[in-house]
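**Q** To start, I am sharing the structure in question, which I have written as structure tokens.
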Amino acid sequence: MAERRVNVGWAEGLHARPASIFVRAATATGVPVTIAKSGGTPVNAGSMLAVLGLGAQGGEEIVLASDADGSDAALERLAKLVAEGLDELPETV
């Protein structure tokens with residue numbers, strides 16, 4: 001299983017707008033991805049309610065994982081998005 005650990009770059013954490021941006025990016029990858037707080041239970045990264053339910057705060061470490069083909073590239077793009085706290089989806093997602 002491919003995995004990436006990354007700190008949340010959005011000061012406000014993964015809620016509301018940042019969570020929406022992340023969920024759209026995760027869905028756009030076309031591969032099933034999970035997200036979890038470090039040491040926590042993984043949830044579906046394509047589910048807005050699940051991502052909001054994590055309560056991930058700015059600077060907190062999260063774990064992105066997938067065992068699908070092509071998951072390495074997808075996880076790299078998502079990790080970059082989360083780490084940089086981008087305000088909108090980049091063209092490459």
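Labeling convention for the structure tokens: chains A, B, ... as they appear, residues from 1 per chain, ligands from 1 in order of appearance.
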How would you write, as a PyMOL selection string, the set of residues in chain A that DSSP gives as alpha helix (DSSP H)?
**A** chain A and resi 16-28+48-54+71-84
**Q** Using only C-alpha atoms, which protein or nucleic acid residues come within 12 Å of Val23 in chain A? Drop anything in the same chain fewer than 4 positions from it, and give the result as a ChimeraX atom specification.
**A** /A:14-19,27-30,32-35,43-52,78,81-82,88-89,93
**Q** Just list as a ChimeraX atom specification whatever in chain A DSSP marks as strand (DSSP E or B).
**A** /A:2-7,34-37,43-44,61-66
**Q** Restrict the selected residues to N, CA, C and O atoms and save them as a PDB file, in the first residue's frame.
**A**
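And here is the file that came out, part24.pdb:
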ATOM      1  N   ALA A   2       0.616   2.158  -0.930  1.00  0.00           N
ATOM      2  CA  ALA A   2       1.351   3.416  -0.990  1.00  0.00           C
ATOM      3  C   ALA A   2       0.810   4.357   0.081  1.00  0.00           C
ATOM      4  O   ALA A   2      -0.397   4.373   0.355  1.00  0.00           O
ATOM      5  N   GLU A   3       1.700   5.134   0.669  1.00  0.00           N
ATOM      6  CA  GLU A   3       1.303   6.019   1.762  1.00  0.00           C
ATOM      7  C   GLU A   3       2.139   7.299   1.730  1.00  0.00           C
ATOM      8  O   GLU A   3       3.312   7.263   1.380  1.00  0.00           O
ATOM      9  N   ARG A   4       1.522   8.403   2.079  1.00  0.00           N
ATOM     10  CA  ARG A   4       2.222   9.683   2.213  1.00  0.00           C
ATOM     11  C   ARG A   4       1.794  10.320   3.523  1.00  0.00           C
ATOM     12  O   ARG A   4       0.613  10.391   3.830  1.00  0.00           O
ATOM     13  N   ARG A   5       2.774  10.793   4.273  1.00  0.00           N
ATOM     14  CA  ARG A   5       2.507  11.538   5.502  1.00  0.00           C
ATOM     15  C   ARG A   5       2.812  12.998   5.220  1.00  0.00           C
ATOM     16  O   ARG A   5       3.855  13.314   4.660  1.00  0.00           O
ATOM     17  N   VAL A   6       1.892  13.857   5.615  1.00  0.00           N
ATOM     18  CA  VAL A   6       2.045  15.278   5.296  1.00  0.00           C
ATOM     19  C   VAL A   6       1.362  16.110   6.382  1.00  0.00           C
ATOM     20  O   VAL A   6       0.385  15.669   6.982  1.00  0.00           O
ATOM     21  N   ASN A   7       1.905  17.294   6.630  1.00  0.00           N
ATOM     22  CA  ASN A   7       1.284  18.217   7.581  1.00  0.00           C
ATOM     23  C   ASN A   7       0.313  19.121   6.841  1.00  0.00           C
ATOM     24  O   ASN A   7       0.617  19.605   5.747  1.00  0.00           O
ATOM     25  N   THR A  34      -7.554   6.909   0.990  1.00  0.00           N
ATOM     26  CA  THR A  34      -8.022   7.132   2.351  1.00  0.00           C
ATOM     27  C   THR A  34      -7.181   8.226   2.991  1.00  0.00           C
ATOM     28  O   THR A  34      -6.048   8.483   2.572  1.00  0.00           O
ATOM     29  N   ILE A  35      -7.758   8.874   3.999  1.00  0.00           N
ATOM     30  CA  ILE A  35      -7.071   9.912   4.756  1.00  0.00           C
ATOM     31  C   ILE A  35      -7.306   9.627   6.232  1.00  0.00           C
ATOM     32  O   ILE A  35      -8.393   9.165   6.615  1.00  0.00           O
ATOM     33  N   ALA A  36      -6.289   9.862   7.041  1.00  0.00           N
ATOM     34  CA  ALA A  36      -6.414   9.644   8.483  1.00  0.00           C
ATOM     35  C   ALA A  36      -5.490  10.596   9.214  1.00  0.00           C
ATOM     36  O   ALA A  36      -4.478  11.035   8.670  1.00  0.00           O
ATOM     37  N   LYS A  37      -5.850  10.908  10.451  1.00  0.00           N
ATOM     38  CA  LYS A  37      -4.899  11.577  11.319  1.00  0.00           C
ATOM     39  C   LYS A  37      -3.837  10.545  11.649  1.00  0.00           C
ATOM     40  O   LYS A  37      -4.116   9.345  11.657  1.00  0.00           O
ATOM     41  N   VAL A  43     -10.353   7.118   6.636  1.00  0.00           N
ATOM     42  CA  VAL A  43     -11.690   7.326   6.076  1.00  0.00           C
ATOM     43  C   VAL A  43     -11.549   7.609   4.583  1.00  0.00           C
ATOM     44  O   VAL A  43     -10.465   7.930   4.092  1.00  0.00           O
ATOM     45  N   ASN A  44     -12.638   7.518   3.861  1.00  0.00           N
ATOM     46  CA  ASN A  44     -12.673   7.763   2.428  1.00  0.00           C
ATOM     47  C   ASN A  44     -12.361   9.231   2.136  1.00  0.00           C
ATOM     48  O   ASN A  44     -13.097  10.125   2.558  1.00  0.00           O
ATOM     49  N   GLU A  61      -0.309  16.303  11.362  1.00  0.00           N
ATOM     50  CA  GLU A  61       0.078  15.297  10.373  1.00  0.00           C
ATOM     51  C   GLU A  61      -1.105  14.423  10.001  1.00  0.00           C
ATOM     52  O   GLU A  61      -1.858  13.973  10.861  1.00  0.00           O
ATOM     53  N   ILE A  62      -1.266  14.214   8.689  1.00  0.00           N
ATOM     54  CA  ILE A  62      -2.265  13.279   8.185  1.00  0.00           C
ATOM     55  C   ILE A  62      -1.569  12.234   7.330  1.00  0.00           C
ATOM     56  O   ILE A  62      -0.442  12.445   6.864  1.00  0.00           O
ATOM     57  N   VAL A  63      -2.260  11.120   7.122  1.00  0.00           N
ATOM     58  CA  VAL A  63      -1.728  10.027   6.323  1.00  0.00           C
ATOM     59  C   VAL A  63      -2.677   9.773   5.156  1.00  0.00           C
ATOM     60  O   VAL A  63      -3.866   9.526   5.361  1.00  0.00           O
ATOM     61  N   LEU A  64      -2.144   9.858   3.952  1.00  0.00           N
ATOM     62  CA  LEU A  64      -2.893   9.540   2.734  1.00  0.00           C
ATOM     63  C   LEU A  64      -2.431   8.168   2.278  1.00  0.00           C
ATOM     64  O   LEU A  64      -1.232   7.888   2.273  1.00  0.00           O
ATOM     65  N   ALA A  65      -3.373   7.299   1.885  1.00  0.00           N
ATOM     66  CA  ALA A  65      -2.990   5.944   1.480  1.00  0.00           C
ATOM     67  C   ALA A  65      -3.897   5.420   0.379  1.00  0.00           C
ATOM     68  O   ALA A  65      -5.057   5.823   0.269  1.00  0.00           O
ATOM     69  N   SER A  66      -3.331   4.522  -0.437  1.00  0.00           N
ATOM     70  CA  SER A  66      -4.096   3.848  -1.477  1.00  0.00           C
ATOM     71  C   SER A  66      -3.320   2.620  -1.929  1.00  0.00           C
ATOM     72  O   SER A  66      -2.089   2.634  -1.959  1.00  0.00           O
TER      73      SER A  66
END
**Q** Tell me which of A:Ala25, A:Pro42, A:Gly58, A:Met1 sits closest to Gly85 in chain A, counting only C-alpha atoms.
**A**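 Nearest to Gly85 in chain A: A:Gly58.
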**Q** As an exercise, work out the distance from CA of Ser38 in chain A to CA of Glu60 in chain A in Å and give it to one decimal place.
**A**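 The value is 8.3 Å.
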**Q** Near Val31 in chain A, within 10 Å and counting only C-alpha atoms, which residues show up once chain neighbours fewer than 4 positions away are dropped, as a list of chain:residue names?
**A**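 Counting only C-alpha atoms, the residues come to A:Ala26, A:Thr27, A:Gly46, A:Ser66, A:Asp67, A:Ala68, A:Asp69, A:Gly70, A:Ser71, A:Ala74, A:Leu75.
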**Q** I need the residue nearest Ala79 in chain A from this list: A:Gly53, A:Gly39, A:Ala11, A:Phe22. Use only C-alpha atoms for the distance.
**A**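 Residue with the minimum atom-to-atom distance to Ala79 in chain A: A:Phe22.
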**Q** Could you check how far CA of Asp87 in chain A sits from CA of Thr41 in chain A, in Å to one decimal?
**A**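 So the two atoms, CA of Asp87 in chain A and CA of Thr41 in chain A, lie 26.5 Å apart.
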